[in-house]
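Reading through the structure tokens given below for one structure.
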Amino acid sequence: MTDLPRTQHIVASGLVAAVGVSVAYVSFTREPAAAFLFPRIISTVFVVLALLTFGKALLGKTRVGTGLDREAMINIAPGLAVSLIFVFWAAHALGFYTASTIAFFVLLSLYDPAPHGELKSWIKRILITAGFLVVMYGLFARLLSVFTPREIFF
Amino acid sequence: MDFLAYFGDVFTPINFGLLLIGTIGGLLLGATPGLSPTMAVALLIPFTFKLEPAQGLILLGAAYTSTVAGGAVSAILLKIPGAPANIATTLDGHTMAKKGQGARALQLSFLASAVGGVFGVLLLIFLTPVLAQWALAFGPSHLFWLAILGVTVIGTLDSSSVVKGLLSGCIGLWLATVGFDDIMGAQRFIFHDAVSGGINVIPALIGLFAIPQVIGMFAKGRRSLDAEILTVERHPISMAFGEVFSRLRALSIGTITGSVIGLIPGVGGQIAGLVAYDQSKKMSPERDKFGTGHSEGVIAAESANNAMVGPSLVPLLTLSIPGSPTAAVLLGGLLIHGIFPGSDLFDNHPDVAWTFINSMLIGQILMCIFGLYIAGLAARVAQVPNAVMAAVVLGLAVFGSYSVQHSMGDVYVMATLGTGMYFLERFGFSAAPLVLGLILGPIAEANFVQGSMIANATSSIGSYFFTGPLNLVLIAIVVASVGYSVWQELRHRRLSAQEKVMAKKDAIT
């Protein structure tokens with residue numbers, strides 16, 4: 001195993017182990033004890049398995065999971081950033097339809113293999129985005145009558 | 001023969017319309033590489049809120065059936081399996097298409113799928129009521145062990161690492177305890193307002209199955225799908241009919257293997273297709289032709305992966321234990337309508353249960369008819385760029401999660417769990433046991449608490465949970481599934497070490 005996946009495995013399994021230990025700590029310290037009986041059993045198994053995984057990662061004996069290479073990380077970063085801004089801020093602040101239209105168009109522009117220098121491909125992206133907006137509005141606002149936050153825009 | 005009384009319900013205009021929509025939509029979604037049947041069914045759940053329970057299940061069941069079959073289109077025409085269940089189909093199906101026999105391969109695939117699928121649903125029809133009555137004898141300790149068995153079997157058999165599979169199951173069981181305790185009303189692990197009411201299963205399912213696929217598409221960057229669609233020449237359907245039924249050995253091996261594998265919780269369509277292909281090859285006098293575009297390979301693989309659909313629902317409909325991730329999503333679809341599987345389903349809601357099961361039977365035939373006609377269109381859909389697919393799935397996931405309870409908290413839970421799951425999957429963790437833990441956690445805890453109360457009043461907790469023939473059988477299966485998976489993992493490790501040594505020796509000589 002090369003250094004990058006090994007470090008990634010240590011970080012990932014370390015985080016899982018930290019969550020496991022926190023869950024166990026809360027389970028064994030909070031009252032009423034009866035309400036935490038089942039979480040105590042689960043968290044004990046959780047901690048044992050998580051520490052086993054962490055130990056294997058520290059010793060470089062992890063055999064499953066390829067981790068993330070640099071290219072994948074670079075590819076994921078912009079899309080993930082746009083998605084998280086959309087979900088955690090824009091959807092509520094701008095309104096669902098406005099935010100999802102903007103997010104759709106940005107993601108399409110970021111990842112569409114069509115050349116960025118051609119007017120034709122931009123027109124295609126705008127048309128696909130408009131189609132997406134119409135379908136989402138038709139499905140959720142009209143068919144399912146879901147009242148989504150509309151806020152400053154549509 | 002209760003099911004015959006409800007056959008007419010499938011043909012009411014709304015029910016039949018939903019069956020058609022689910023079937024055609026499922027075929028198109030199934031053909032799209034990267035969109036798994038589980039994700040397709042999870043994204044459809046919000047569309048069932050306004051429907052009657054039976055109607056919602058018809059839509060979900062049709063989508064489940066046809067996404068599995070639809071995956072064969074891209075496997076044959078693009079050499080990209082639409083779902084893991086179609087991996088074995090590519091071996092001979094794509095070679096046939098390359099030889100200009102794409103239409104023949106597609107016809108054989110859909111006909112074999114329909115035969116396997118109908119047999120699987122018939123098994124579901126005749127096994128389920130018997131097992132549901134038997135399940136009445138189950139007490140809290142048995143139901144507790146069954147829930148643990150569901151998580152353990154999927155955690156060990158469905159994962160490449162036993163420890164990480166079980167750990168994923170534990171994470172799911174823990175997430176199920178977030179919120180207020182049902183009996184004492186105590187707050188447990190409420191670290192954000194979004195989870196004050198606990199983690200809603202539907203947004204969690206959407207997040208865990210859809211978001212990792214969205215991020216996976218981002219990871220491919222601006223790469224275009226360079227697979228070439230092979231042209232489909234005309235081929236008379238009557239000849240394909242004759243060929244499917246003249247290859248009875250492959251058809252029966254596929255159908256029986258798929259049905260048996262479907263009954264085992266945690267073993268999915270991918271295994272069914274590959275095992276059936278392998279067995280069919282071993283038992284065929286023409287085994288040398290396998291891999292060169294031989295029809296038996298397509299027939300065995302496709303009859304197996306659709307035959308497992310019906311039996312995979314048996315543990316769900318009888319014991320409330322979903323045997324597969326897709327069955328877990330279907331359970332979510334039942335629970336939002338306040339319906340619990342098991343004997344209650346057949347005693348109190350027979351119309352829902354039988355209309356759903358009958359619709360799956362009709363759905364198999366519709367899937368075959370439409371599959372043959374829209375294969376060309378489905379192959380075009382399979383070429384939709386990743387960028388469009390990722391953005392559409394993200395939009396559907398956000399709107400779908402919000403529509404469950406009109407809560408932004410659900411959207412946050414969906415996004416957080418989904419993003420976390422993508423990274424966990426990169427390190428060998430698996431979504432299926434986590435989802436099973438999340439769904440079976442409340443069942444396990446409720447029966448554990450109830451069993452503890454009974455035990456305190458009668459005997460000790462140890463003797464209540466660890467004695468009695470049924471408890472011991474269930475514990476033995478849990479231990480055996482863990483033991484078998486550990487043995488398999490060690491054996492696989494030893495074999496790969498031996499292969500490495502041999503390769504080194506070869507390189508030196």
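Chain labels follow the order of the structure tokens: the first chain is A, the next B, and so on; residue numbering restarts at 1 in every chain, and ligands are counted from 1 in their shown order.
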
**OP:** Name the residues in contact with B:Gly150 at a cut-off of 10 Å, using only C-alpha atoms, excluding same-chain residues fewer than 5 positions from it; report them as a ChimeraX atom specification.
**Re:** /B:145,155,169,265-266,315,320-324,433,436-437,440,478

Take the residues from that selection and put them in a file with C-alpha atoms, as a PDB file, in the first residue's frame.
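Produced file selection.pdb, reproduced below:
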```pdb
ATOM      1  CA  TRP B 145     -32.173 -12.156  16.924  1.00  0.00           C
ATOM      2  CA  GLY B 155     -22.737  -6.953   6.906  1.00  0.00           C
ATOM      3  CA  GLY B 169     -24.123  -2.282  10.563  1.00  0.00           C
ATOM      4  CA  PRO B 265     -30.769 -12.377   2.950  1.00  0.00           C
ATOM      5  CA  GLY B 266     -27.825 -10.303   1.813  1.00  0.00           C
ATOM      6  CA  PRO B 315     -38.129 -12.314   4.455  1.00  0.00           C
ATOM      7  CA  SER B 320     -40.278  -7.599   8.462  1.00  0.00           C
ATOM      8  CA  ILE B 321     -36.614  -8.358   7.785  1.00  0.00           C
ATOM      9  CA  PRO B 322     -35.505  -6.864   4.469  1.00  0.00           C
ATOM     10  CA  GLY B 323     -33.207  -9.347   2.781  1.00  0.00           C
ATOM     11  CA  SER B 324     -31.601  -6.801   0.465  1.00  0.00           C
ATOM     12  CA  PRO B 433     -25.519  -3.020   6.279  1.00  0.00           C
ATOM     13  CA  LEU B 436     -30.262  -2.437   7.397  1.00  0.00           C
ATOM     14  CA  GLY B 437     -29.000  -1.307  10.816  1.00  0.00           C
ATOM     15  CA  LEU B 440     -33.838  -2.887  11.846  1.00  0.00           C
ATOM     16  CA  VAL B 478     -25.428 -15.378  12.975  1.00  0.00           C
TER      17      VAL B 478
END
```

Subject >> chain A contacts on chain B, only C-alpha atoms, 6 Å, as a ChimeraX atom specification >> reply: /B:167,170,218-219,221-224,387,391,403,426-428

Subject >> Surrounding residues of stretch 86-95 of chain B excluding itself and chain neighbours under 2 positions, 9 Å, only C-alpha atoms, as a ChimeraX atom specification >> reply: /B:68-69,71-72,74-84,97-102,105-106,109,230,269-270,273-277,290-302,305

Limited to C-alpha atoms, could you put the picked residues into a file as a tab-separated table (two decimals), in the first residue's frame?
```
chain	number	residue	atom	x	y	z
B	68	VAL	CA	-32.88	-5.24	-12.88
B	69	ALA	CA	-33.93	-6.35	-16.40
B	71	GLY	CA	-29.60	-3.16	-16.87
B	72	ALA	CA	-29.14	-5.84	-19.52
B	74	SER	CA	-26.46	-1.33	-21.52
B	75	ALA	CA	-24.66	-4.58	-20.61
B	76	ILE	CA	-25.38	-5.97	-24.10
B	77	LEU	CA	-25.18	-2.85	-26.27
B	78	LEU	CA	-22.54	-0.83	-24.39
B	79	LYS	CA	-20.65	-3.47	-22.38
B	80	ILE	CA	-21.49	-1.45	-19.27
B	81	PRO	CA	-23.77	-3.34	-16.85
B	82	GLY	CA	-26.67	-1.10	-15.83
B	83	ALA	CA	-26.58	-2.72	-12.37
B	84	PRO	CA	-24.21	-5.18	-10.64
B	97	ALA	CA	-24.06	-7.75	-30.07
B	98	LYS	CA	-20.58	-7.25	-31.55
B	99	LYS	CA	-21.32	-10.08	-33.97
B	100	GLY	CA	-24.43	-8.20	-35.14
B	101	GLN	CA	-26.80	-10.25	-32.94
B	102	GLY	CA	-27.75	-7.45	-30.52
B	105	ALA	CA	-29.28	-11.09	-27.27
B	106	LEU	CA	-31.82	-8.53	-26.04
B	109	SER	CA	-32.34	-11.57	-22.18
B	230	LEU	CA	-23.83	-1.28	-31.13
B	269	GLY	CA	-28.53	-10.28	-8.01
B	270	GLN	CA	-24.85	-9.92	-8.86
B	273	GLY	CA	-26.14	-13.95	-12.15
B	274	LEU	CA	-22.51	-14.97	-11.73
B	275	VAL	CA	-23.27	-18.26	-9.93
B	276	ALA	CA	-25.92	-19.22	-12.51
B	277	TYR	CA	-23.53	-18.37	-15.37
B	290	PHE	CA	-19.21	-19.56	-23.16
B	291	GLY	CA	-17.70	-16.09	-23.45
B	292	THR	CA	-17.80	-16.15	-27.24
B	293	GLY	CA	-21.39	-14.94	-27.56
B	294	HIS	CA	-23.20	-18.11	-26.50
B	295	SER	CA	-26.94	-17.78	-25.87
B	296	GLU	CA	-26.87	-20.06	-22.79
B	297	GLY	CA	-24.70	-17.51	-20.96
B	298	VAL	CA	-27.25	-14.71	-21.48
B	299	ILE	CA	-30.22	-16.96	-20.63
B	300	ALA	CA	-28.67	-18.31	-17.41
B	301	ALA	CA	-27.51	-14.89	-16.15
B	302	GLU	CA	-30.70	-12.99	-16.93
B	305	ASN	CA	-31.03	-12.06	-11.69
```

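Computed from the coordinates, the atom CA of B:Leu4 to atom CA of B:Pro325 distance equals 29.1 Å.
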
Original post:
If you run DSSP on this backbone, which residues of stretch 171-318 of chain B come out as helix (DSSP H, G or I), and could you give them as a ChimeraX atom specification?
Top reply: /B:171-176,193-195,201-219,237-246,248-263,269-283,287-289,295-307,311-318

Original post:
Do you know which residues are at most 10 Å from B:Asp347 counting only C-alpha atoms, after dropping those on the same chain fewer than 6 positions away, and could you put them as a PyMOL selection string?
Top reply: chain B and resi 129+132-133+353

Same residues, C-alpha atoms, saved as a tab-separated table (two decimals), in the first residue's frame:
```tsv
chain	number	residue	atom	x	y	z
B	129	PRO	CA	-48.48	-16.71	3.49
B	132	ALA	CA	-46.15	-15.29	7.66
B	133	GLN	CA	-48.35	-17.65	9.71
B	353	ALA	CA	-50.29	-7.37	-0.06
```

**OP:** Show which residues sit within 12 Å of B:Leu43, as a PyMOL selection string. Count only C-alpha atoms, and ignore same-chain residues fewer than 4 positions away.
**Re:** chain B and resi 26+29+35-39+47-48+59-60+63-64+202-211+326+329-330+332-333+392-404+414

Selected residues written out, N, CA and C atoms, as a compact mmCIF listing (two decimals), in the first residue's frame:
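That gives us result07.txt:
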```txt
# COMPACT_ATOMS: atom_id res chain seq x y z
N GLY B 26 -38.59 2.18 -15.11
CA GLY B 26 -37.56 1.30 -14.54
C GLY B 26 -36.63 0.76 -15.60
N LEU B 29 -34.34 3.66 -16.49
CA LEU B 29 -33.39 3.94 -15.40
C LEU B 29 -32.38 2.79 -15.25
N LEU B 35 -26.94 4.16 -12.16
CA LEU B 35 -28.19 4.30 -11.40
C LEU B 35 -28.62 2.90 -10.97
N SER B 36 -28.39 2.57 -9.72
CA SER B 36 -28.70 1.21 -9.26
C SER B 36 -30.20 1.07 -9.03
N PRO B 37 -30.74 -0.17 -9.07
CA PRO B 37 -32.16 -0.37 -8.78
C PRO B 37 -32.54 0.20 -7.42
N THR B 38 -31.65 0.04 -6.43
CA THR B 38 -31.97 0.52 -5.08
C THR B 38 -32.15 2.03 -5.09
N MET B 39 -31.23 2.73 -5.78
CA MET B 39 -31.32 4.17 -5.81
C MET B 39 -32.57 4.62 -6.55
N PHE B 47 -42.72 10.01 -4.44
CA PHE B 47 -43.85 10.09 -5.38
C PHE B 47 -45.01 9.18 -4.95
N THR B 48 -44.78 8.36 -3.92
CA THR B 48 -45.86 7.45 -3.49
C THR B 48 -46.66 7.99 -2.31
N LEU B 59 -45.98 0.85 -7.94
CA LEU B 59 -44.98 1.68 -8.63
C LEU B 59 -43.56 1.25 -8.24
N LEU B 60 -43.34 1.06 -6.93
CA LEU B 60 -41.99 0.70 -6.46
C LEU B 60 -41.61 -0.71 -6.93
N ALA B 63 -40.79 -0.76 -10.61
CA ALA B 63 -39.47 -0.15 -10.85
C ALA B 63 -38.36 -1.13 -10.47
N TYR B 64 -38.54 -1.83 -9.35
CA TYR B 64 -37.52 -2.79 -8.88
C TYR B 64 -37.32 -3.89 -9.94
N ILE B 202 -36.57 7.62 5.20
CA ILE B 202 -36.62 7.90 3.74
C ILE B 202 -35.50 8.86 3.30
N PRO B 203 -35.35 10.03 3.95
CA PRO B 203 -34.22 10.89 3.53
C PRO B 203 -32.88 10.18 3.71
N ALA B 204 -32.78 9.37 4.77
CA ALA B 204 -31.52 8.65 5.00
C ALA B 204 -31.26 7.68 3.84
N LEU B 205 -32.30 6.95 3.42
CA LEU B 205 -32.14 6.00 2.30
C LEU B 205 -31.75 6.73 1.02
N ILE B 206 -32.44 7.85 0.77
CA ILE B 206 -32.14 8.62 -0.46
C ILE B 206 -30.68 9.08 -0.40
N GLY B 207 -30.28 9.62 0.74
CA GLY B 207 -28.90 10.11 0.87
C GLY B 207 -27.89 8.99 0.72
N LEU B 208 -28.10 7.90 1.42
CA LEU B 208 -27.10 6.81 1.43
C LEU B 208 -26.96 6.13 0.07
N PHE B 209 -28.05 6.08 -0.70
CA PHE B 209 -27.94 5.40 -2.00
C PHE B 209 -27.71 6.36 -3.17
N ALA B 210 -28.25 7.60 -3.09
CA ALA B 210 -28.15 8.49 -4.26
C ALA B 210 -26.90 9.37 -4.22
N ILE B 211 -26.60 9.95 -3.07
CA ILE B 211 -25.50 10.93 -3.03
C ILE B 211 -24.13 10.30 -3.35
N THR B 326 -32.64 -3.13 -1.57
CA THR B 326 -33.86 -2.69 -2.27
C THR B 326 -35.09 -3.07 -1.47
N VAL B 329 -35.60 -0.55 1.12
CA VAL B 329 -36.24 0.66 0.61
C VAL B 329 -37.75 0.42 0.46
N LEU B 330 -38.13 -0.78 0.00
CA LEU B 330 -39.56 -1.10 -0.11
C LEU B 330 -40.22 -1.10 1.28
N GLY B 332 -39.37 0.83 3.69
CA GLY B 332 -39.60 2.26 3.94
C GLY B 332 -40.89 2.71 3.28
N GLY B 333 -41.13 2.23 2.04
CA GLY B 333 -42.35 2.58 1.31
C GLY B 333 -43.60 2.06 1.99
N VAL B 392 -29.36 15.91 -12.07
CA VAL B 392 -30.76 15.49 -11.94
C VAL B 392 -30.97 14.70 -10.65
N VAL B 393 -30.06 13.75 -10.39
CA VAL B 393 -30.21 12.91 -9.18
C VAL B 393 -30.10 13.79 -7.92
N LEU B 394 -29.17 14.75 -7.93
CA LEU B 394 -29.03 15.65 -6.77
C LEU B 394 -30.33 16.42 -6.54
N GLY B 395 -30.88 16.98 -7.64
CA GLY B 395 -32.13 17.73 -7.53
C GLY B 395 -33.25 16.86 -6.98
N LEU B 396 -33.40 15.65 -7.52
CA LEU B 396 -34.46 14.74 -7.05
C LEU B 396 -34.25 14.36 -5.59
N ALA B 397 -32.98 14.17 -5.20
CA ALA B 397 -32.69 13.79 -3.81
C ALA B 397 -33.08 14.91 -2.86
N VAL B 398 -32.77 16.16 -3.23
CA VAL B 398 -33.10 17.30 -2.35
C VAL B 398 -34.61 17.49 -2.26
N PHE B 399 -35.28 17.53 -3.41
CA PHE B 399 -36.73 17.73 -3.39
C PHE B 399 -37.44 16.55 -2.73
N GLY B 400 -36.98 15.34 -3.02
CA GLY B 400 -37.60 14.13 -2.45
C GLY B 400 -37.46 14.10 -0.95
N SER B 401 -36.28 14.42 -0.43
CA SER B 401 -36.08 14.40 1.03
C SER B 401 -36.93 15.47 1.71
N TYR B 402 -37.00 16.64 1.08
CA TYR B 402 -37.78 17.73 1.68
C TYR B 402 -39.26 17.36 1.73
N SER B 403 -39.74 16.71 0.69
CA SER B 403 -41.18 16.45 0.60
C SER B 403 -41.68 15.41 1.62
N VAL B 404 -40.77 14.71 2.30
CA VAL B 404 -41.20 13.70 3.27
C VAL B 404 -41.96 14.36 4.43
N MET B 414 -30.01 13.99 4.82
CA MET B 414 -29.77 13.28 3.56
C MET B 414 -28.38 13.61 3.02
```

Original post:
Between atom CA of B:Asp182 and atom CA of B:Asn200, what is the spacing in Å?
Top reply: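 Separation of atom CA of B:Asn200 and atom CA of B:Asp182: 14.9 Å.
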
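Rounded to one decimal, atom CA of B:Ala31 and atom CA of B:Ile215 lie 19.7 Å from each other.
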
Original post:
Using only C-alpha atoms, which residues sit within 9 Å of B:Phe466 once same-chain residues fewer than 5 positions away are excluded, as JSON, numbers by chain?
Top reply: {"B": [141, 461, 471, 472, 475]}

Atoms to include: C-alpha atoms. Write the selected residues as a compact mmCIF listing (two decimals), in the first residue's frame.
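Wrote result-v5.txt, looks like this:
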```txt
# COMPACT_ATOMS: atom_id res chain seq x y z
CA SER B 141 -36.22 -12.68 21.68
CA ILE B 461 -32.09 -12.11 30.55
CA ASN B 471 -33.02 -18.66 19.64
CA LEU B 472 -30.18 -21.15 19.33
CA ILE B 475 -27.66 -17.43 17.01
```

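By only C-alpha atoms, and with residues fewer than 5 positions from B:Leu122 along its chain excluded, the set lying at most 9 Å from it is B:Gly117, B:Leu127, B:Gly310, B:Pro311, B:Leu361.
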
Export C-alpha atoms of the chosen residues as a PDB file, in the first residue's frame?
```pdb
ATOM      1  CA  GLY B 117     -39.085 -13.408 -12.793  1.00  0.00           C
ATOM      2  CA  LEU B 127     -44.145 -19.247   0.322  1.00  0.00           C
ATOM      3  CA  GLY B 310     -39.550 -12.224  -5.886  1.00  0.00           C
ATOM      4  CA  PRO B 311     -37.860 -14.472  -3.280  1.00  0.00           C
ATOM      5  CA  LEU B 361     -46.311 -11.010 -11.686  1.00  0.00           C
TER       6      LEU B 361
END
```
